[in-house]
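Participant: Attaching a single structure in structure tokens format; questions to follow.
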Amino acid sequence: MQSRKFTGDILCVLLILAGEILFFHNILFNDSLIGYRIDGRLVTFLTEHWYEVFQGRELWTELPCFYPADHVLAYSDMMLLFAFPYCLLRILGSDMYTALKMTAIFFHVLGSCQLYYFMRKYVKTPNVVSLFTVICFSFSNGYNFISGNIQMFTLSLLPMLLILFGFYMKNLKSRRRHIAAIACVVWLSLLFYTAFYVGYFVCLFLGIMILTGLVSYVIFCKQPWMRERSKNFFQHWKEHICYLLLFVLLMLPFVYIYLPALKSFGGREWEDVLTMFPTWRNICMLNEKSEDLAGFNPEIYNYKTGFPLIDLAIYGLLGIWLFRVLVKKIKEDRFQIKDYLLFWGLLTVVISFLLIIKVKGITLWWLVYHFIPGASAIRAVIRWLNFISLPMAILFGGMMAYLIKGKKQWMQYLIVAGISSILFCSNYCVTGIASGWSVSEELSFEENVASPPDDCKILCVVDLGKTTNVASQELQMDAWAIALKYHLKTVNGYSGQQPEGWNIQNLQDADVGREVWKWLKMNHRSVKGVYLYDIGMDKWEKLEDELR
């Protein structure tokens, strides 16, 4: 029996790996990169920052761009957890673009396997149901969509958090719970240091879980199994306060780096946030035109943000079925702890899903924006939909296990395999994940840049001859790439924020050199060692000479 379970797990893991190959099929065996050139390079250079810190060439709080602004790292995500496998690959000789691509794929594969392990070990679902859960999360259309923002691969680091929490709950009466709890707190803080959205969404979701948990507790507090479980958990309340204090302590460097930026830039305006909300068509993954109700054009499939209609239909039917079963059990006084957990999960996921719904400009996210600290920094609220695909997958995995319980094994496999195949096919994108740049193009660009003069310490990329036909942001990133190659600083920059007083944006303006001079003087920096690099002419020129 044990051998059969092991064989089934091996087969499911092999199927997960096959799914990974299909998910990354358009970039896996060539030099194509994830995402697009501007934001893709931004995340690459943010991760490369930690390799520079490791080599002692950069302070951890600073980046080579927007020179000489302070705390530039606070302008975007820190990408810290990506740095560990990334730096190892760099040490082994990989270029930075390939290293980030391999790191992102590695995290995705690792997250898929960890989610499978969590479902098998702690949720106790059959192997086929655990595989079903992985399909609903790792291979979902939502993950495909968000993969263009490479930092959002941090979502695949969430199953580790679940495993640590599961280990804690399983060892509530053992001292080993302390190790699990501390590791859980440390991991959560590292999520913030990697991708702010993911860390913040975890805390927001935990808040919703606490609220729905309190509601559920009030409803079922008289049940013996509820009193026993709550007693076991709440008897460690002093420890929970210590863990919270540890989290606050670990977040102090994060606050140190981000608080000055928050004071300078403030949060997003509500009107700005509202424009980024998905419509119901985006959530249902439909095309914008009303006549295109199917919405399954494979050429644009991976640009849709939400769930295929067939997925929503399956989830909706499962949810309605479960609700009716649970209500019946309550009436018959057969409600037990597993039923309660499903009820709690269903209530939490439904409320979480409703947060993203906007009807005629009205949305529950207004409450989050105005009353939850830090929520005003969230602009791309659509990412919440991608985040909750994980708890949704776990919930529906639990539902599936509940549905097939007691049925013959062949029937269990038939039901789960059938639904899993439908979900995988409905989410599969024939064009692959978003990819609009390549390693060879980036390395070729760097090789064709003329070497800077020996006395050059600071650069600014310009295009005075107006020879290029690309966006200013791309030229800003060109400057960052050159600065990294030659270990220079650059007054160019591109990120989520810009330093106050910085106006180096129109790089084709004949007066851009004077803007650089004004920016340096405003920050009490000398123009000595500052060069303008005309990218169209492939020519370096001293800033002092330019201003004579």
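We name chains A, B, ... following the order of the structure tokens; residues begin at 1 in each chain, and ligands are numbered from 1 as shown.
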Determine, using only C-alpha atoms, which residues of segment 112-159 of chain A have any atom at most 10 Å from an atom of segment 419-423 of chain A, and tabulate each with its shortest atom pair and distance in Å to one decimal place, rows ordered by chain and then rising number, as a tab-separated table.

Facilitator:
residue	atom	partner	partner_atom	distance
A:Val128	CA	A:Ser420	CA	8.8
A:Val129	CA	A:Ser420	CA	8.8
A:Leu131	CA	A:Ser420	CA	8.2
A:Phe132	CA	A:Ser420	CA	5.5
A:Thr133	CA	A:Ser420	CA	8.8
A:Val134	CA	A:Ser420	CA	9.7
A:Ile135	CA	A:Ser420	CA	7.1
A:Cys136	CA	A:Leu423	CA	7.2
A:Phe139	CA	A:Leu423	CA	9.1
A:Ser140	CA	A:Leu423	CA	8.2
A:Asn141	CA	A:Leu423	CA	9.8

Participant: Once you count only C-alpha atoms, what closest atom pair and distance in Å to one decimal does each residue of segment 161-231 of chain A within 8 Å of segment 67-85 of chain A have, with rows by chain and rising residue number, as a Markdown table?

Facilitator:
| residue | atom | partner | partner_atom | distance |
| --- | --- | --- | --- | --- |
| A:Leu190 | CA | A:Leu81 | CA | 6.7 |
| A:Leu191 | CA | A:Leu81 | CA | 7.4 |
| A:Tyr193 | CA | A:Met78 | CA | 5.5 |
| A:Thr194 | CA | A:Met79 | CA | 3.8 |
| A:Ala195 | CA | A:Asp77 | CA | 5.1 |
| A:Phe196 | CA | A:Asp77 | CA | 6.2 |

Participant: Kindly save the residues from that selection, with N, CA and C atoms included, as a PDB file, in the first residue's frame.

Facilitator:
ATOM      1  N   LEU A 190      10.808  38.281   4.723  1.00  0.00           N
ATOM      2  CA  LEU A 190      11.614  38.238   3.503  1.00  0.00           C
ATOM      3  C   LEU A 190      10.764  38.425   2.255  1.00  0.00           C
ATOM      4  N   LEU A 191       9.484  38.044   2.331  1.00  0.00           N
ATOM      5  CA  LEU A 191       8.587  38.300   1.205  1.00  0.00           C
ATOM      6  C   LEU A 191       8.450  39.796   0.960  1.00  0.00           C
ATOM      7  N   TYR A 193      10.743  41.995   1.660  1.00  0.00           N
ATOM      8  CA  TYR A 193      12.038  42.439   1.126  1.00  0.00           C
ATOM      9  C   TYR A 193      12.247  41.966  -0.318  1.00  0.00           C
ATOM     10  N   THR A 194      11.356  41.151  -0.815  1.00  0.00           N
ATOM     11  CA  THR A 194      11.464  40.654  -2.194  1.00  0.00           C
ATOM     12  C   THR A 194      10.470  41.357  -3.109  1.00  0.00           C
ATOM     13  N   ALA A 195       9.194  41.243  -2.798  1.00  0.00           N
ATOM     14  CA  ALA A 195       8.141  41.890  -3.600  1.00  0.00           C
ATOM     15  C   ALA A 195       7.083  42.409  -2.638  1.00  0.00           C
ATOM     16  N   PHE A 196       6.989  43.712  -2.518  1.00  0.00           N
ATOM     17  CA  PHE A 196       6.098  44.341  -1.540  1.00  0.00           C
ATOM     18  C   PHE A 196       4.662  43.879  -1.700  1.00  0.00           C
TER      19      PHE A 196
END

Participant: Taking 3 positions as the minimum chain separation for residues in the same chain, which residues sit within 10 Å of segment 521-537 of chain A when counting only C-alpha atoms? Answer as number ranges by chain.

Facilitator: A: 67-69, 449-450, 452-468, 475, 478-479, 482, 489-491, 501-502, 507-508, 512-513, 515-518, 540-546

Participant: Find, counting only C-alpha atoms, the residue in A:Gly40, A:Pro253, A:Ala481, A:Ser138 that gets nearest to Thr61 of chain A.

Facilitator: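 Closest residue, counting only C-alpha atoms: A:Pro253.
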
Participant: Would you pick out the contacts of Tyr197 of chain A at 12 Å or less, using only C-alpha atoms, so that residues sharing its chain but fewer than 6 positions from it are not included, and give the list as number ranges by chain?

Facilitator: A: 76-79, 149, 151-155, 191, 203-205, 374-387

Participant: At a cut-off of 7 Å, using only C-alpha atoms, what residues contact segment 326-339 of chain A? Leave out same-chain residues fewer than 4 positions from it and give the result as a ChimeraX atom specification.

Facilitator: /A:225,322,343

Participant: Restricting the output to N, CA, C and O atoms, write the selected residues as a PDB file, in the first residue's frame.

Facilitator:
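Now in result_32.pdb:
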ATOM      1  N   TRP A 225     -15.540  20.209  19.633  1.00  0.00           N
ATOM      2  CA  TRP A 225     -14.300  20.203  18.857  1.00  0.00           C
ATOM      3  C   TRP A 225     -13.738  21.607  18.668  1.00  0.00           C
ATOM      4  O   TRP A 225     -12.539  21.798  18.581  1.00  0.00           O
ATOM      5  N   LEU A 322     -20.834  22.573  -1.977  1.00  0.00           N
ATOM      6  CA  LEU A 322     -20.258  22.481  -0.636  1.00  0.00           C
ATOM      7  C   LEU A 322     -21.106  23.234   0.383  1.00  0.00           C
ATOM      8  O   LEU A 322     -21.356  22.738   1.492  1.00  0.00           O
ATOM      9  N   PHE A 343     -15.712  25.508   5.647  1.00  0.00           N
ATOM     10  CA  PHE A 343     -16.622  26.649   5.767  1.00  0.00           C
ATOM     11  C   PHE A 343     -15.831  27.949   5.931  1.00  0.00           C
ATOM     12  O   PHE A 343     -16.124  28.959   5.269  1.00  0.00           O
TER      13      PHE A 343
END

Participant: How many Å lie between atom CA of Ser216 of chain A and atom CA of Trp344 of chain A, rounded to one decimal?

Facilitator: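 If I compute the distance from atom CA of Ser216 of chain A to atom CA of Trp344 of chain A, I get 6.5 Å.
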
Participant: Give the helix (DSSP H, G or I) residues of segment 184-425 of chain A, as assigned by DSSP on the backbone, as an MDAnalysis selection string.

Facilitator: chainID A and resid 184:194 196:220 224:234 237:250 252:265 270:275 280:283 301:303 309:331 337:354 365:371 375:377 383:387 389:404 409:425

Participant: For atom CA of Ala180 of chain A and atom CA of Phe167 of chain A, quote the distance in Å rounded to one decimal.

Facilitator: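 Result for atom CA of Ala180 of chain A versus atom CA of Phe167 of chain A: 6.3 Å, one decimal.
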
Participant: Do you know which residues are at most 8 Å from segment 436-438 of chain A counting only C-alpha atoms, after dropping those on the same chain fewer than 2 positions away, and could you put them as a list in words?

Facilitator: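 The neighbour list is Asp31, Ser32, Leu33, Ile34, Gly35, Tyr36, Arg37, Ala434, Ser440, Glu441 and Glu442 of chain A.
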
Participant: Can you list, as a ChimeraX atom specification, all residues belonging to segment 456-533 of chain A that DSSP tags as strand (DSSP E or B)?

Facilitator: /A:458-462,489-490,530-533

Participant: For the selection just defined, write its residues with all heavy atoms to a file, as a compact mmCIF listing (two decimals), in the first residue's frame.

Facilitator:
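Just written: part37.txt:
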# COMPACT_ATOMS: atom_id res chain seq x y z
N ILE A 458 30.77 58.89 -13.58
CA ILE A 458 29.32 59.05 -13.64
C ILE A 458 28.92 59.28 -15.08
O ILE A 458 29.59 60.03 -15.80
CB ILE A 458 28.86 60.24 -12.77
CG1 ILE A 458 29.33 60.04 -11.33
CG2 ILE A 458 27.34 60.40 -12.82
CD1 ILE A 458 29.64 61.33 -10.62
N LEU A 459 27.83 58.66 -15.52
CA LEU A 459 27.42 58.83 -16.92
C LEU A 459 25.97 59.26 -17.00
O LEU A 459 25.19 59.09 -16.07
CB LEU A 459 27.62 57.52 -17.70
CG LEU A 459 26.64 56.37 -17.43
CD1 LEU A 459 25.54 56.36 -18.48
CD2 LEU A 459 27.36 55.03 -17.42
N CYS A 460 25.64 59.81 -18.14
CA CYS A 460 24.25 60.07 -18.49
C CYS A 460 24.08 59.75 -19.96
O CYS A 460 24.76 60.33 -20.82
CB CYS A 460 23.87 61.53 -18.22
SG CYS A 460 22.15 61.91 -18.69
N VAL A 461 23.22 58.82 -20.26
CA VAL A 461 22.94 58.46 -21.66
C VAL A 461 22.04 59.52 -22.27
O VAL A 461 21.03 59.91 -21.68
CB VAL A 461 22.28 57.08 -21.75
CG1 VAL A 461 21.66 56.86 -23.13
CG2 VAL A 461 23.29 55.98 -21.46
N VAL A 462 22.42 60.00 -23.45
CA VAL A 462 21.61 60.98 -24.18
C VAL A 462 21.50 60.51 -25.63
O VAL A 462 22.18 59.57 -26.05
CB VAL A 462 22.22 62.39 -24.12
CG1 VAL A 462 22.27 62.89 -22.69
CG2 VAL A 462 23.62 62.41 -24.75
N LYS A 489 28.32 55.04 -11.91
CA LYS A 489 27.03 55.57 -11.48
C LYS A 489 26.39 56.27 -12.69
O LYS A 489 27.08 56.69 -13.61
CB LYS A 489 27.20 56.58 -10.34
CG LYS A 489 27.86 56.02 -9.09
CD LYS A 489 26.91 55.12 -8.34
CE LYS A 489 27.50 54.70 -7.01
NZ LYS A 489 26.60 53.80 -6.26
N THR A 490 25.07 56.37 -12.65
CA THR A 490 24.39 57.09 -13.73
C THR A 490 23.31 57.99 -13.16
O THR A 490 22.62 57.61 -12.21
CB THR A 490 23.77 56.10 -14.75
OG1 THR A 490 23.03 56.84 -15.71
CG2 THR A 490 22.86 55.10 -14.08
N VAL A 530 32.05 63.38 -14.78
CA VAL A 530 30.72 63.13 -15.35
C VAL A 530 30.80 63.21 -16.87
O VAL A 530 31.31 64.19 -17.42
CB VAL A 530 29.68 64.13 -14.82
CG1 VAL A 530 28.31 63.83 -15.41
CG2 VAL A 530 29.63 64.08 -13.30
N TYR A 531 30.29 62.19 -17.54
CA TYR A 531 30.31 62.15 -19.00
C TYR A 531 28.90 61.93 -19.54
O TYR A 531 28.09 61.22 -18.93
CB TYR A 531 31.21 61.02 -19.50
CG TYR A 531 32.67 61.36 -19.55
CD1 TYR A 531 33.45 61.36 -18.40
CD2 TYR A 531 33.30 61.69 -20.77
CE1 TYR A 531 34.80 61.67 -18.44
CE2 TYR A 531 34.64 62.00 -20.82
CZ TYR A 531 35.39 61.99 -19.66
OH TYR A 531 36.73 62.32 -19.71
N LEU A 532 28.64 62.56 -20.68
CA LEU A 532 27.44 62.26 -21.45
C LEU A 532 27.82 61.23 -22.51
O LEU A 532 28.83 61.38 -23.20
CB LEU A 532 26.90 63.51 -22.14
CG LEU A 532 26.50 64.69 -21.24
CD1 LEU A 532 25.96 65.83 -22.10
CD2 LEU A 532 25.48 64.27 -20.20
N TYR A 533 27.00 60.18 -22.58
CA TYR A 533 27.23 59.18 -23.61
C TYR A 533 26.11 59.28 -24.63
O TYR A 533 24.95 58.98 -24.34
CB TYR A 533 27.27 57.77 -23.01
CG TYR A 533 27.32 56.68 -24.06
CD1 TYR A 533 28.42 56.55 -24.91
CD2 TYR A 533 26.26 55.79 -24.22
CE1 TYR A 533 28.46 55.57 -25.89
CE2 TYR A 533 26.29 54.79 -25.18
CZ TYR A 533 27.40 54.69 -26.02
OH TYR A 533 27.44 53.70 -26.99

Participant: At what distance in Å, to one decimal, does atom CA of Tyr168 of chain A lie from atom CA of Trp237 of chain A?

Facilitator: 14.0 Å

Participant: Pick the closest to Phe254 of chain A from A:Phe201, A:Trp60, A:Phe277, A:Phe137: which is it, counting only C-alpha atoms?

Facilitator: A:Trp60
